[in-house]
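> What follows is run-v5.cif; its format and atoms are mmCIF, C-alpha atoms.
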data_work
#
loop_
_atom_site.label_atom_id
_atom_site.label_comp_id
_atom_site.auth_asym_id
_atom_site.auth_seq_id
_atom_site.Cartn_x
_atom_site.Cartn_y
_atom_site.Cartn_z
CA MET A 32 -8.67 -2.34 -5.35
CA HIS A 33 -6.72 -4.21 -8.01
CA ILE A 34 -2.97 -3.68 -8.02
CA ILE A 35 -0.34 -5.07 -10.38
CA LEU A 36 3.19 -5.42 -8.99
CA ASP A 37 5.75 -4.63 -11.67
CA ASP A 38 9.22 -6.16 -11.50
CA THR A 39 10.65 -3.19 -9.56
CA ALA A 40 7.90 -3.47 -6.94
CA MET A 41 8.52 -7.20 -6.64
CA ALA A 42 12.23 -6.61 -6.06
CA ALA A 43 11.30 -3.99 -3.47
CA VAL A 44 9.27 -6.58 -1.56
CA GLY A 45 12.43 -8.65 -1.14
CA GLN A 46 14.33 -5.60 0.05
CA GLY A 47 11.83 -4.83 2.80
CA ASN A 48 9.99 -1.91 1.19
CA VAL A 49 7.37 -0.90 3.77
CA LEU A 50 4.79 0.27 1.24
CA ALA A 51 5.05 -2.95 -0.75
CA SER A 52 4.70 -4.95 2.46
CA ARG A 53 1.54 -3.02 3.34
CA LEU A 54 0.03 -3.86 -0.05
CA ILE A 55 0.70 -7.55 0.52
CA HIS A 56 -0.81 -7.38 4.00
CA ARG A 57 -3.95 -5.66 2.71
CA ALA A 58 -4.38 -8.12 -0.17
CA HIS A 59 -4.16 -10.96 2.32
CA SER A 60 -6.35 -9.55 5.09
CA GLU A 61 -8.83 -7.04 3.64
CA ALA A 62 -11.79 -7.77 1.39
CA GLY A 63 -11.70 -5.98 -1.94
CA TRP A 64 -7.89 -5.77 -2.17
CA PHE A 65 -6.27 -7.85 -4.90
CA LEU A 66 -2.58 -8.05 -5.73
CA TYR A 67 -1.27 -9.53 -8.99
CA ALA A 68 2.17 -10.62 -10.16
CA PRO A 69 2.45 -10.93 -13.96
CA ALA A 70 4.60 -13.96 -14.76
CA CYS A 71 7.00 -12.08 -17.05
CA ALA A 72 7.59 -9.42 -14.40
CA LEU A 73 8.10 -12.17 -11.83
CA VAL A 74 10.86 -13.69 -13.96
CA GLU A 75 12.60 -10.33 -14.32
CA ALA A 76 12.32 -9.63 -10.59
CA ASP A 77 13.84 -13.04 -9.82
CA ARG A 78 16.73 -12.30 -12.18
CA ALA A 79 17.36 -9.05 -10.30
CA ARG A 80 17.01 -10.70 -6.89
CA ALA A 81 17.18 -14.48 -6.71
CA GLY A 82 14.38 -16.07 -4.70
CA THR A 83 11.88 -13.29 -5.36
CA ALA A 84 9.64 -15.47 -7.55
CA GLU A 85 9.34 -18.26 -4.99
CA HIS A 86 8.75 -15.80 -2.18
CA LEU A 87 6.00 -13.86 -3.95
CA ALA A 88 4.32 -16.94 -5.37
CA SER A 89 4.08 -18.41 -1.86
CA LEU A 90 2.24 -15.40 -0.42
CA PRO A 91 -1.50 -16.00 0.01
CA GLY A 92 -2.48 -12.47 -1.05
CA VAL A 93 -0.65 -12.54 -4.40
CA THR A 94 -2.11 -14.01 -7.59
CA VAL A 95 0.37 -14.91 -10.33
CA LEU A 96 -0.97 -13.97 -13.75
CA GLU A 97 -0.03 -16.51 -16.40
CA LEU A 98 1.10 -15.67 -19.89
CA ASP A 99 -2.05 -16.48 -21.88
CA LEU A 100 -2.53 -15.84 -25.60
CA SER A 101 -3.74 -12.25 -25.25
CA ALA A 102 -0.76 -11.50 -23.00
CA VAL A 103 1.62 -13.14 -25.49
CA LEU A 104 0.29 -10.93 -28.27
CA ALA A 105 0.66 -7.82 -26.10
CA VAL A 106 4.17 -8.76 -24.96
CA ALA A 107 5.28 -9.44 -28.53
CA GLN A 108 4.64 -5.78 -29.39
CA ARG A 109 6.94 -4.33 -26.72
CA GLU A 110 10.65 -4.22 -25.94
CA THR A 111 10.65 -5.64 -22.43
CA TRP A 112 8.53 -8.57 -21.39
CA ALA A 113 8.20 -7.49 -17.76
CA ALA A 114 6.82 -4.03 -18.52
CA ALA A 115 4.66 -5.33 -21.37
CA HIS A 116 3.03 -8.03 -19.25
CA SER A 117 2.46 -5.57 -16.39
CA LEU A 118 0.89 -3.03 -18.75
CA HIS A 119 -1.30 -5.71 -20.33
CA ALA A 120 -2.40 -6.94 -16.89
CA ALA A 121 -3.39 -3.41 -15.85
CA GLN A 122 -5.88 -3.06 -18.72
CA PRO A 123 -9.60 -3.54 -18.05
CA THR A 124 -10.92 -7.10 -18.08
CA PRO A 125 -14.27 -8.65 -17.13
CA ASP A 126 -12.81 -9.35 -13.65
CA ARG A 127 -11.30 -5.86 -13.41
CA PRO A 128 -13.60 -3.55 -15.42
CA ASP A 129 -11.74 -0.44 -14.24
CA GLY A 130 -8.35 -2.02 -14.88
CA ALA A 131 -5.66 -2.07 -12.22
CA ILE A 132 -3.05 0.22 -10.74
CA ILE A 133 0.61 -0.59 -11.33
CA ALA A 134 2.71 -0.48 -8.17
CA THR A 135 6.31 0.40 -8.95
CA THR A 136 9.51 1.90 -7.58
CA ASN A 137 10.22 3.38 -11.02
CA PRO A 138 7.17 5.53 -11.88
CA ASP A 139 8.99 7.31 -14.74
CA ARG A 140 8.94 4.00 -16.61
CA TRP A 141 5.19 4.44 -17.07
CA ASP A 142 5.25 8.02 -18.39
CA GLY A 143 3.16 8.28 -21.52
CA GLU A 144 1.30 5.03 -20.87
CA ALA A 145 -2.44 4.95 -20.24
CA VAL A 146 -2.11 3.42 -16.79
CA ARG A 147 -2.54 4.50 -13.17
CA VAL A 148 0.63 4.26 -11.09
CA LEU A 149 1.27 3.82 -7.37
CA ASP A 150 4.76 5.05 -6.49
CA LEU A 151 6.33 2.86 -3.79
CA THR A 152 9.33 5.13 -3.18
#
Go through the file and emit its structure as structure tokens.

Amino acid sequence: MHIILDDTAMAAVGQGNVLASRLIHRAHSEAGWFLYAPACALVEADRARAGTAEHLASLPGVTVLELDLSAVLAVAQRETWAAAHSLHAAQPTPDRPDGAIIATTNPDRWDGEAVRVLDLT
């Protein structure tokens, strides 16, 4: 299972959200579970809650997704970098042919988008 943490989910990790903590545990300990933190969403989460970026980046089950050229082009087309990078990261890739699920504490944010959502509230 491939899961993208959006900025709201990342902030929830720092606030002790049980569901977010379970995702991190599974990504660390169970085969087939992968958890991703898009860099732009990580920046936004750290702005909302200082220390979030360092904390998440230090966790062994979390992979930080860099802002490569295809992500830059996708982000440039949207209003917010955090949501745009998360949405881009959730799209199918050779490593994730079925795409990924976006974990969030604000599922309404993704209404109208072609993405699967995991509500952490």
> Within 12 Å of Pro91 of chain A, counting all atoms listed in the file, which residues qualify if same-chain residues fewer than 3 places away don't, as a PDB file with C-alpha atoms, in the frame of the given file?

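The new file selection_8.pdb reads:
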ATOM      1  CA  ILE A  55       0.700  -7.550   0.520  1.00  0.00           C
ATOM      2  CA  HIS A  56      -0.810  -7.380   4.000  1.00  0.00           C
ATOM      3  CA  ARG A  57      -3.950  -5.660   2.710  1.00  0.00           C
ATOM      4  CA  ALA A  58      -4.380  -8.120  -0.170  1.00  0.00           C
ATOM      5  CA  HIS A  59      -4.160 -10.960   2.320  1.00  0.00           C
ATOM      6  CA  SER A  60      -6.350  -9.550   5.090  1.00  0.00           C
ATOM      7  CA  PHE A  65      -6.270  -7.850  -4.900  1.00  0.00           C
ATOM      8  CA  LEU A  66      -2.580  -8.050  -5.730  1.00  0.00           C
ATOM      9  CA  TYR A  67      -1.270  -9.530  -8.990  1.00  0.00           C
ATOM     10  CA  HIS A  86       8.750 -15.800  -2.180  1.00  0.00           C
ATOM     11  CA  LEU A  87       6.000 -13.860  -3.950  1.00  0.00           C
ATOM     12  CA  ALA A  88       4.320 -16.940  -5.370  1.00  0.00           C
ATOM     13  CA  THR A  94      -2.110 -14.010  -7.590  1.00  0.00           C
ATOM     14  CA  VAL A  95       0.370 -14.910 -10.330  1.00  0.00           C
TER      15      VAL A  95
END
> When you look at Val106 of chain A with a cut-off of 6 Å (counting all atoms listed in the file), what residues show up, excluding the ones that are within fewer than 5 positions of it in the same chain? I need them as a VMD selection string.
chain A and resid 112 115 to 116
> Smallest atom-to-atom distance to Met32 of chain A: which of A:Leu104, A:Ala79, A:Leu149, A:Leu90, using only C-alpha atoms?
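Using only C-alpha atoms, the shortest distance to Met32 of chain A belongs to A:Leu149.
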> For a cutoff of 12 Å around the file-coordinate point (3.1, 3.5, -10.9), which residues qualify once you count all atoms listed in the file? I'd like the result as a PyMOL selection string.
chain A and resi 34-40+114+117-118+121+131-152
> Between atom CA of Arg127 of chain A and atom CA of His33 of chain A, what distance in Å does the model show, to one decimal?
7.3 Å
> For a test of reading the model, state the distance in Å between atom CA of Cys71 of chain A and atom CA of Asp126 of chain A, rounded to one decimal.
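These atoms are spaced 20.3 Å apart.
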